[in-house]
$ cat data-v9.txt   # compact mmCIF, C-alpha atoms
# COMPACT_ATOMS: atom_id res chain seq x y z
CA MET E 133 44.22 -23.89 14.32
CA ALA E 134 47.17 -23.14 16.60
CA ILE E 135 50.21 -25.28 15.91
CA GLU E 136 53.64 -25.70 17.44
CA ILE E 137 56.41 -23.39 16.26
CA ILE E 138 60.15 -23.97 16.07
CA GLY E 139 62.27 -20.84 16.12
CA TRP E 140 65.68 -21.29 14.46
CA ASP E 141 68.75 -19.11 14.91
CA ILE E 142 71.29 -20.25 12.33
CA GLY E 143 74.72 -18.94 13.22
CA GLY E 144 78.13 -19.51 11.76
CA ALA E 145 79.32 -21.56 14.73
CA HIS E 146 76.13 -22.85 16.39
CA ILE E 147 72.54 -23.53 15.49
CA LYS E 148 69.84 -22.93 18.11
CA ALA E 149 66.21 -24.01 18.15
CA ALA E 150 63.31 -23.25 20.49
CA VAL E 151 59.88 -24.90 20.46
CA LEU E 152 56.63 -23.20 21.46
CA ASN E 153 53.52 -25.31 21.92
CA ALA E 154 50.04 -24.32 20.72
CA ARG E 155 49.52 -22.29 23.93
CA GLY E 156 52.70 -20.31 23.33
CA GLU E 157 54.62 -22.09 26.08
CA LEU E 158 58.30 -22.83 25.62
CA THR E 159 58.74 -26.60 25.73
CA ALA E 160 62.19 -27.32 24.28
CA ILE E 161 65.52 -25.61 23.60
CA ARG E 162 68.41 -27.05 21.62
CA GLN E 163 71.86 -25.84 20.65
CA LYS E 164 74.28 -27.73 18.42
CA PRO E 165 77.77 -26.88 17.17
CA CYS E 166 77.60 -25.92 13.51
CA PRO E 167 80.94 -24.71 12.07
CA LEU E 168 79.24 -23.61 8.87
CA TRP E 169 82.47 -22.37 7.29
CA GLN E 170 83.42 -26.03 6.95
CA GLY E 171 80.50 -26.80 4.64
CA LEU E 172 76.73 -27.09 4.33
CA ASP E 173 76.90 -30.65 5.61
CA LYS E 174 77.46 -29.13 9.08
CA LEU E 175 74.13 -27.31 8.84
CA ARG E 176 72.35 -30.40 7.52
CA SER E 177 73.76 -32.54 10.32
CA ALA E 178 72.84 -30.05 13.06
CA VAL E 179 69.27 -29.57 11.82
CA ASP E 180 68.75 -33.32 11.38
CA SER E 181 70.06 -33.93 14.90
CA ILE E 182 67.69 -31.38 16.42
CA MET E 183 64.67 -32.62 14.47
CA HIS E 184 65.36 -36.23 15.53
CA GLU E 185 65.40 -35.13 19.18
CA LEU E 186 62.01 -33.40 18.94
CA PRO E 187 58.61 -35.12 18.82
CA SER E 188 57.17 -35.53 15.33
CA ALA E 189 54.57 -32.79 14.73
CA PRO E 190 53.31 -30.43 11.99
CA TYR E 191 55.58 -27.57 13.05
CA ARG E 192 55.64 -24.08 11.67
CA HIS E 193 59.26 -22.90 11.38
CA ALA E 194 60.48 -19.34 11.97
CA ILE E 195 64.07 -18.73 10.88
CA THR E 196 66.62 -16.02 11.57
CA MET E 197 70.33 -16.16 10.83
CA THR E 198 73.86 -14.79 11.02
CA GLY E 199 75.52 -17.75 9.30
CA GLU E 200 75.52 -15.94 5.96
CA LEU E 201 78.67 -14.16 7.16
CA VAL E 202 80.95 -17.20 7.00
CA ASP E 203 83.52 -17.39 4.24
CA LEU E 204 81.89 -20.47 2.75
CA PHE E 205 79.75 -17.99 0.82
CA ALA E 206 80.76 -15.44 -1.80
CA GLY E 207 78.83 -12.75 0.06
CA ARG E 208 75.82 -12.13 2.30
CA ASP E 209 73.23 -12.48 -0.47
CA ASP E 210 74.71 -15.81 -1.51
CA GLY E 211 74.75 -16.94 2.12
CA VAL E 212 71.14 -15.96 2.82
CA LYS E 213 69.92 -17.59 -0.39
CA THR E 214 71.89 -20.80 0.21
CA ILE E 215 70.86 -21.16 3.87
CA ILE E 216 67.18 -20.69 3.02
CA GLU E 217 67.37 -23.16 0.13
CA THR E 218 69.10 -25.66 2.42
CA MET E 219 66.44 -25.28 5.14
CA ILE E 220 63.67 -25.75 2.57
CA GLY E 221 65.37 -28.97 1.46
CA LEU E 222 65.81 -30.18 5.05
CA LEU E 223 62.18 -29.44 5.98
CA PRO E 224 60.26 -30.43 2.83
CA GLY E 225 56.65 -29.30 2.72
CA ALA E 226 56.95 -27.39 6.01
CA ASP E 227 55.57 -23.92 6.63
CA LEU E 228 58.72 -21.78 6.70
CA LEU E 229 58.73 -18.13 7.74
CA ILE E 230 61.92 -16.07 7.37
CA TYR E 231 62.54 -13.15 9.72
CA ALA E 232 63.43 -10.06 7.71
CA GLY E 233 63.96 -7.51 10.45
CA LYS E 234 61.93 -4.35 9.90
CA LEU E 235 59.96 -6.13 7.15
CA GLY E 236 58.70 -8.73 9.60
CA PHE E 237 58.20 -12.33 8.46
CA LEU E 238 58.22 -13.45 4.84
CA ASN E 239 57.23 -16.79 3.39
CA ALA E 240 60.33 -18.71 2.33
CA SER E 241 58.80 -19.66 -1.00
CA LYS E 242 58.12 -16.03 -1.96
CA LEU E 243 61.51 -14.48 -1.30
CA ASP E 244 63.78 -12.85 -3.82
CA SER E 245 67.09 -11.01 -3.74
CA ARG E 246 65.44 -7.73 -2.71
CA HIS E 247 64.81 -9.22 0.74
CA TYR E 248 68.26 -10.63 1.46
CA GLU E 249 69.73 -7.47 3.00
CA SER E 250 66.89 -7.29 5.53
CA ILE E 251 67.22 -10.99 6.40
CA ALA E 252 70.99 -10.97 6.91
CA SER E 253 72.07 -10.88 10.57
CA ALA E 254 68.71 -9.68 11.87
CA ASN E 255 68.52 -12.06 14.85
CA TRP E 256 69.42 -9.29 17.32
CA LEU E 257 66.32 -7.33 16.28
CA ALA E 258 64.05 -10.29 17.01
CA SER E 259 65.39 -10.63 20.57
CA ALA E 260 65.37 -6.91 21.31
CA SER E 261 61.91 -6.41 19.77
CA TYR E 262 60.42 -9.16 21.90
CA ALA E 263 62.00 -7.69 25.04
CA ALA E 264 60.74 -4.21 24.12
CA GLN E 265 57.20 -5.49 23.67
CA LYS E 266 57.29 -7.17 27.07
CA ILE E 267 58.92 -4.47 29.23
CA GLY E 268 58.59 -1.19 27.31
CA ARG E 269 61.85 0.50 28.35
CA GLY E 270 65.33 -0.74 29.19
CA LEU E 271 68.74 -1.61 27.84
CA PHE E 272 68.91 -5.00 26.12
CA ILE E 273 72.34 -6.64 26.21
CA ASP E 274 73.01 -10.03 24.63
CA ILE E 275 76.53 -11.34 25.28
CA GLY E 276 77.06 -14.53 23.33
CA SER E 277 79.93 -16.81 22.48
CA THR E 278 81.19 -14.46 19.76
CA THR E 279 79.44 -11.08 19.81
CA THR E 280 77.64 -8.59 22.04
CA ASP E 281 74.48 -6.68 21.10
CA ILE E 282 73.49 -3.53 23.01
CA LEU E 283 70.09 -2.00 22.20
CA LEU E 284 68.14 0.83 23.74
CA LEU E 285 64.44 0.03 24.30
CA ASP E 286 61.84 2.78 24.64
CA LYS E 287 58.03 2.86 24.47
CA GLY E 288 57.90 -0.78 23.43
CA ARG E 289 60.24 -0.32 20.48
CA VAL E 290 63.91 -0.87 19.68
CA LYS E 291 65.68 2.47 19.20
CA ALA E 292 68.39 1.13 16.93
CA GLU E 293 70.72 3.59 15.22
CA GLY E 294 72.17 0.98 12.87
CA TYR E 295 70.77 -2.07 11.10
CA SER E 296 73.58 -3.48 8.97
CA ASP E 297 76.61 -5.03 10.65
CA TYR E 298 78.74 -2.10 9.50
CA GLU E 299 76.32 0.50 10.86
CA ARG E 300 76.02 -1.35 14.17
CA LEU E 301 79.79 -1.61 14.57
CA VAL E 302 79.99 2.16 14.04
CA THR E 303 77.31 2.86 16.66
CA GLN E 304 78.73 0.21 19.07
CA GLU E 305 75.34 -1.49 19.17
CA LEU E 306 77.36 -4.46 17.96
CA ILE E 307 80.66 -5.21 19.67
CA TYR E 308 82.57 -8.17 18.27
CA THR E 309 83.47 -9.78 21.58
CA GLY E 310 82.10 -12.87 23.30
CA ILE E 311 82.91 -15.25 26.13
CA VAL E 312 83.80 -18.42 24.22
CA ARG E 313 85.14 -18.03 20.69
CA THR E 314 86.81 -14.61 20.90
CA ALA E 315 90.60 -14.81 20.67
CA VAL E 316 92.40 -13.45 23.74
CA MET E 317 94.60 -11.33 21.47
CA ALA E 318 91.46 -9.41 20.40
CA ILE E 319 90.75 -8.25 23.96
CA ALA E 320 93.87 -6.22 24.73
CA GLU E 321 97.44 -5.53 23.65
CA CYS E 322 98.77 -6.02 27.15
CA VAL E 323 97.72 -7.47 30.49
CA GLU E 324 98.70 -7.11 34.14
CA ASP E 325 101.04 -9.79 35.47
CA ARG E 326 103.47 -9.85 38.42
CA ASP E 327 102.78 -6.22 39.42
CA GLY E 328 103.44 -4.90 35.93
CA GLU E 329 102.17 -4.92 32.38
CA VAL E 330 103.24 -7.38 29.73
CA GLY E 331 102.38 -7.38 26.06
CA LEU E 332 100.11 -10.12 24.72
CA MET E 333 101.30 -12.15 21.77
CA ALA E 334 99.25 -11.64 18.61
CA GLU E 335 98.83 -15.39 18.25
CA TYR E 336 95.80 -17.65 18.39
CA PHE E 337 97.03 -19.44 21.50
CA ALA E 338 93.94 -18.98 23.70
CA THR E 339 90.31 -17.90 23.64
CA MET E 340 88.05 -16.20 26.15
CA ALA E 341 86.65 -19.64 26.99
CA ASP E 342 90.00 -20.27 28.66
CA VAL E 343 89.60 -17.07 30.65
CA TYR E 344 86.12 -17.96 31.86
CA ARG E 345 87.10 -21.54 32.70
CA LEU E 346 89.74 -20.04 34.99
CA THR E 347 87.27 -17.60 36.57
CA GLY E 348 84.80 -20.47 37.04
CA GLU E 349 82.01 -18.70 35.12
CA LEU E 350 81.75 -20.75 31.92
CA ASN E 351 78.83 -23.17 31.98
CA GLU E 352 79.90 -26.50 30.49
CA ALA E 353 76.66 -26.66 28.46
CA HIS E 354 77.71 -23.45 26.67
CA ASP E 355 81.28 -24.60 25.99
CA GLN E 356 80.78 -26.10 22.54
CA ALA E 357 83.61 -24.54 20.50
CA ASP E 358 86.99 -26.16 19.89
CA THR E 359 89.92 -24.94 21.95
CA ALA E 360 92.68 -22.97 20.24
CA ASP E 361 95.06 -25.94 20.31
CA GLY E 362 92.46 -28.70 20.02
CA ALA E 363 93.34 -29.96 23.51
CA GLU E 364 91.09 -30.59 26.50
CA LYS E 365 88.78 -28.09 28.19
CA THR E 366 90.17 -28.23 31.72
CA VAL E 367 91.37 -25.54 34.11
CA PHE E 368 94.99 -26.64 33.76
CA ALA E 369 94.80 -26.85 29.97
CA SER E 370 93.25 -23.38 29.87
CA ALA E 371 95.98 -22.01 32.11
CA ARG E 372 98.61 -23.58 29.84
CA ARG E 373 97.09 -21.89 26.78
CA LEU E 374 96.86 -18.57 28.61
CA SER E 375 100.48 -18.75 29.74
CA ARG E 376 101.56 -18.99 26.11
CA MET E 377 99.97 -15.60 25.46
CA VAL E 378 102.73 -13.97 27.51
CA GLY E 379 105.55 -16.26 26.39
CA CYS E 380 105.62 -18.55 29.40
CA ASP E 381 105.48 -22.28 30.06
CA PHE E 382 102.86 -23.51 32.50
CA ASP E 383 103.73 -24.90 35.91
CA PRO E 384 100.75 -26.23 37.90
CA VAL E 385 102.04 -24.57 41.08
CA GLU E 386 101.56 -21.20 39.35
CA LEU E 387 97.85 -21.71 38.69
CA PRO E 388 96.88 -18.71 40.92
CA ARG E 389 99.05 -16.48 38.69
CA TRP E 390 97.08 -17.45 35.58
CA GLN E 391 93.78 -17.12 37.41
CA ARG E 392 94.72 -13.52 38.28
CA LEU E 393 95.70 -12.90 34.66
CA ALA E 394 92.32 -14.29 33.59
CA GLU E 395 90.54 -11.92 35.99
CA ASN E 396 92.43 -9.01 34.43
CA LEU E 397 91.42 -10.05 30.92
CA ARG E 398 87.82 -10.41 32.11
CA ALA E 399 87.93 -6.86 33.46
CA ARG E 400 89.28 -5.53 30.15
CA GLN E 401 86.54 -7.24 28.15
CA LEU E 402 83.91 -6.00 30.59
CA GLN E 403 85.21 -2.45 30.23
CA LYS E 404 84.88 -2.65 26.46
CA ILE E 405 81.24 -3.74 26.81
CA ARG E 406 80.61 -1.10 29.47
CA ARG E 407 81.72 1.66 27.10
CA GLY E 408 79.15 0.42 24.58
CA CYS E 409 76.44 0.44 27.25
CA GLU E 410 77.34 3.96 28.38
CA LYS E 411 77.18 5.16 24.77
CA GLN E 412 73.60 3.88 24.47
CA LEU E 413 72.57 5.18 27.88
CA ALA E 414 73.78 8.64 26.86
CA ARG E 415 71.19 8.68 24.05
CA GLY E 416 68.21 8.69 26.42
CA SER E 417 67.22 9.52 29.96
CA LEU E 418 66.79 6.05 31.40
CA ALA E 419 65.71 6.23 35.03
CA VAL E 420 67.72 4.02 37.36
CA SER E 421 64.59 1.88 37.82
CA ILE E 422 64.76 0.83 34.14
CA PRO E 423 66.35 -2.64 33.83
CA PHE E 424 69.32 -4.00 32.00
CA VAL E 425 67.90 -7.06 30.22
CA GLY E 426 70.53 -9.79 30.02
CA ALA E 427 70.58 -12.45 27.31
CA GLY E 428 73.16 -14.82 25.88
CA VAL E 429 75.53 -17.28 27.50
CA GLY E 430 77.63 -14.40 28.85
CA ARG E 431 74.80 -12.54 30.54
CA PHE E 432 76.44 -12.99 33.94
CA LEU E 433 78.55 -10.04 32.77
CA VAL E 434 75.37 -8.02 32.15
CA LYS E 435 74.41 -8.49 35.79
CA CYS E 436 77.87 -7.30 36.83
CA LEU E 437 77.47 -4.20 34.65
CA ALA E 438 73.97 -3.46 35.96
CA ASP E 439 75.17 -3.73 39.54
CA SER E 440 78.22 -1.53 38.95
CA ILE E 441 76.38 1.19 37.02
CA GLY E 442 73.37 1.13 39.35
CA TYR E 443 70.54 -0.36 37.29
CA PRO E 444 68.33 -3.35 38.13
CA TYR E 445 68.97 -6.58 36.27
CA LEU E 446 66.29 -8.57 34.45
CA ASP E 447 67.15 -11.95 32.96
CA PHE E 448 65.61 -12.57 29.53
CA SER E 449 64.41 -15.96 30.82
CA GLU E 450 62.10 -14.16 33.23
CA LEU E 451 60.04 -13.05 30.23
CA PHE E 452 59.02 -16.72 30.04
CA PRO E 453 57.94 -17.38 33.65
CA ALA E 454 56.57 -20.86 32.97
CA MET E 455 59.84 -22.00 31.44
CA THR E 456 62.23 -24.16 33.40
CA ASN E 457 65.80 -25.14 32.65
CA VAL E 458 65.84 -27.69 29.79
CA ASN E 459 68.96 -29.77 29.11
CA GLY E 460 71.06 -27.11 30.82
CA MET E 461 69.72 -24.38 28.52
CA THR E 462 67.30 -21.52 29.22
CA ALA E 463 65.38 -19.02 27.11
CA ALA E 464 68.11 -16.43 27.69
CA ASP E 465 70.81 -18.75 26.32
CA CYS E 466 69.07 -18.92 22.93
CA ALA E 467 67.21 -15.60 22.94
CA PRO E 468 66.95 -15.04 19.15
CA ALA E 469 65.51 -18.53 18.55
CA VAL E 470 63.00 -18.11 21.38
CA ALA E 471 62.11 -14.58 20.30
CA VAL E 472 61.63 -15.39 16.62
CA ALA E 473 59.30 -18.28 17.56
CA SER E 474 57.30 -16.02 19.85
CA LEU E 475 57.03 -13.20 17.31
CA ALA E 476 55.92 -15.67 14.61
CA ARG E 477 52.82 -16.60 16.62
CA GLY E 478 51.13 -13.47 15.31
CA TYR E 479 51.60 -14.46 11.66

$ encode --input "data-v9.txt" --output "structure tokens"
Amino acid sequence: MAIEIIGWDIGGAHIKAAVLNARGELTAIRQKPCPLWQGLDKLRSAVDSIMHELPSAPYRHAITMTGELVDLFAGRDDGVKTIIETMIGLLPGADLLIYAGKLGFLNASKLDSRHYESIASANWLASASYAAQKIGRGLFIDIGSTTTDILLLDKGRVKAEGYSDYERLVTQELIYTGIVRTAVMAIAECVEDRDGEVGLMAEYFATMADVYRLTGELNEAHDQADTADGAEKTVFASARRLSRMVGCDFDPVELPRWQRLAENLRARQLQKIRRGCEKQLARGSLAVSIPFVGAGVGRFLVKCLADSIGYPYLDFSELFPAMTNVNGMTAADCAPAVAVASLARGY
């Protein structure tokens, strides 16, 4: 008998959940802050909050994760093991499937340490695999709050060169840059200001969320991380934080100056992602009719890249045509959670 499925993407900073009904239709999407490095109580609280918001039902659960990376754990194996044990405790008696990348889905109760490496940080493969199955060929780009994944899709499969985080950093299929949590000092060593270049301070004064508040592109529903100084999430507060990066005090009359500086930082981040895209495009002969598939809360940058390079853009949400915006979130915002739920329907 077909049952409803909840797909879980357990990250180090957020937890995302997507619900598919018995007909395979996406009916709910949730995202909660989950600063897992602060303790397992953050994971318990986020999962409990999501489950209380959803109708009571005999759900099957499909789980993928990246949260094993946080420094709460001694290492990845410890993180994977602890997260799975915690989810089993939070969902007693439930049918839990764990996504193990190339190994597919494994029953949570039958796992052992041999599987942990395949489970760790495999959420990107769920999203890209689902997209590959739906469209056949393309370039899948997921720009999130913290990281960017760039995967070549061909003949319905993901043509990944790397699978571990290390391998993917080498191949630039994983670029550690995102539109919310990334520190501004990680984007560039200098920035254009007042018709010249000025060095950026190597201090955690501002994040890319400040940049995208100033460009007007950050959706409030996606802005769930704390600011660098713990202060408010306003345009003026963001400009104040950004001004500190170049050793200045903020004067409200100079807001246009800091908006221009934000645009320059945006361009530098976009260039970094573009280089990763060009590296993947060089591996195959993708016709210009093949789409860039955009996922993640920063996918507005994917559309910019597609337009500038000359490829069509396809939003990941369009792979779920019956889905409408739910609580300000779409399928593309939580692609791994949606994908892992969809892939689990065949198990």

$ residues_around --input "data-v9.txt" --residues "His146 (chain E)" --least-positions-apart "6" --cutoff "7 Å" --atoms "all atoms listed in the file" --output "PDB file with C-alpha atoms, in the frame of the given file"
ATOM      1  CA  GLN E 163      71.860 -25.840  20.650  1.00  0.00           C
ATOM      2  CA  LYS E 164      74.280 -27.730  18.420  1.00  0.00           C
ATOM      3  CA  PRO E 165      77.770 -26.880  17.170  1.00  0.00           C
ATOM      4  CA  CYS E 166      77.600 -25.920  13.510  1.00  0.00           C
ATOM      5  CA  PRO E 167      80.940 -24.710  12.070  1.00  0.00           C
TER       6      PRO E 167
END

$ residues_around --input "data-v9.txt" --residues "Tyr262 (chain E)" --least-positions-apart "5" --cutoff "12 Å" --atoms "all atoms listed in the file" --output "NGL selection string"
:E and (255-257 or 267-269 or 272 or 285 or 288-290 or 425 or 427 or 448-449 or 451-452 or 467-477)

$ write_last_selection --input "data-v9.txt" --atoms "C-alpha atoms" --output "tab-separated table (two decimals), keeping the file's coordinate frame"
chain	number	residue	atom	x	y	z
E	255	ASN	CA	68.52	-12.06	14.85
E	256	TRP	CA	69.42	-9.29	17.32
E	257	LEU	CA	66.32	-7.33	16.28
E	267	ILE	CA	58.92	-4.47	29.23
E	268	GLY	CA	58.59	-1.19	27.31
E	269	ARG	CA	61.85	0.50	28.35
E	272	PHE	CA	68.91	-5.00	26.12
E	285	LEU	CA	64.44	0.03	24.30
E	288	GLY	CA	57.90	-0.78	23.43
E	289	ARG	CA	60.24	-0.32	20.48
E	290	VAL	CA	63.91	-0.87	19.68
E	425	VAL	CA	67.90	-7.06	30.22
E	427	ALA	CA	70.58	-12.45	27.31
E	448	PHE	CA	65.61	-12.57	29.53
E	449	SER	CA	64.41	-15.96	30.82
E	451	LEU	CA	60.04	-13.05	30.23
E	452	PHE	CA	59.02	-16.72	30.04
E	467	ALA	CA	67.21	-15.60	22.94
E	468	PRO	CA	66.95	-15.04	19.15
E	469	ALA	CA	65.51	-18.53	18.55
E	470	VAL	CA	63.00	-18.11	21.38
E	471	ALA	CA	62.11	-14.58	20.30
E	472	VAL	CA	61.63	-15.39	16.62
E	473	ALA	CA	59.30	-18.28	17.56
E	474	SER	CA	57.30	-16.02	19.85
E	475	LEU	CA	57.03	-13.20	17.31
E	476	ALA	CA	55.92	-15.67	14.61
E	477	ARG	CA	52.82	-16.60	16.62

$ atom_distance --input "data-v9.txt" --atom1 "CA of Gly144 (chain E)" --atom2 "CA of Met183 (chain E)"
19.0 Å

$ closest_residue --input "data-v9.txt" --among "E:Ala145, E:Ala414, E:Ala315, E:Ala419" --to "Leu374 (chain E)" --atoms "all atoms listed in the file"
E:Ala315

$ residues_around --input "data-v9.txt" --residues "region 278-284 of chain E" --least-positions-apart "6" --cutoff "8 Å" --atoms "only C-alpha atoms" --output "list of chain:residue names"
E:Trp256, E:Ala260, E:Arg269, E:Gly270, E:Leu271, E:Phe272, E:Val290, E:Lys291, E:Ala292, E:Gln304, E:Glu305, E:Leu306, E:Ile307, E:Tyr308, E:Thr309, E:Gly310, E:Ile311, E:Val312, E:Arg313, E:Thr314, E:Ile405, E:Gly408, E:Cys409, E:Gln412, E:Leu413

$ residues_around --input "data-v9.txt" --residues "region 332-346 of chain E" --least-positions-apart "3" --cutoff "8 Å" --atoms "all atoms listed in the file" --output "JSON, numbers by chain"
{"E": [310, 311, 312, 313, 314, 315, 316, 317, 320, 321, 322, 323, 349, 350, 355, 359, 360, 361, 365, 366, 367, 370, 371, 373, 374, 376, 377, 378, 379, 390, 391, 394, 395, 397, 398]}

$ atom_distance --input "data-v9.txt" --atom1 "CA of Gly478 (chain E)" --atom2 "CA of His247 (chain E)"
20.4 Å

$ atom_distance --input "data-v9.txt" --atom1 "CA of Gly225 (chain E)" --atom2 "CA of Pro187 (chain E)"
17.2 Å

$ residues_around --input "data-v9.txt" --residues "Lys213 (chain E)" --least-positions-apart "3" --cutoff "8 Å" --atoms "all atoms listed in the file" --output "number ranges by chain"
E: 209-210, 216-217, 245, 248

$ closest_residue --input "data-v9.txt" --among "E:Ala353, E:Cys380, E:Leu235, E:Ala178" --to "Ala254 (chain E)" --atoms "only C-alpha atoms"
E:Leu235

$ closest_residue --input "data-v9.txt" --among "E:Leu201, E:Val212, E:Val302, E:Met219" --to "Arg246 (chain E)" --atoms "all atoms listed in the file"
E:Val212

$ axis_aligned_box --input "data-v9.txt" --around "region 369-386 of chain E" --padding-each-side "5 Å" --output "AutoDock Vina command-line options"
--center_x 99.4 --center_y -20.4 --center_z 33.3 --size_x 22.4 --size_y 22.9 --size_z 25.6

$ closest_residue --input "data-v9.txt" --among "E:Glu249, E:Glu185, E:Asp180, E:Glu329" --to "Arg162 (chain E)" --atoms "all atoms listed in the file"
E:Glu185

$ closest_residue --input "data-v9.txt" --among "E:Glu136, E:Glu450, E:Glu364, E:Asp141" --to "Ala463 (chain E)" --atoms "only C-alpha atoms"
E:Glu450

$ closest_residue --input "data-v9.txt" --among "E:Leu204, E:Ile441, E:Ala226, E:Cys436" --to "Asn239 (chain E)" --atoms "only C-alpha atoms"
E:Ala226
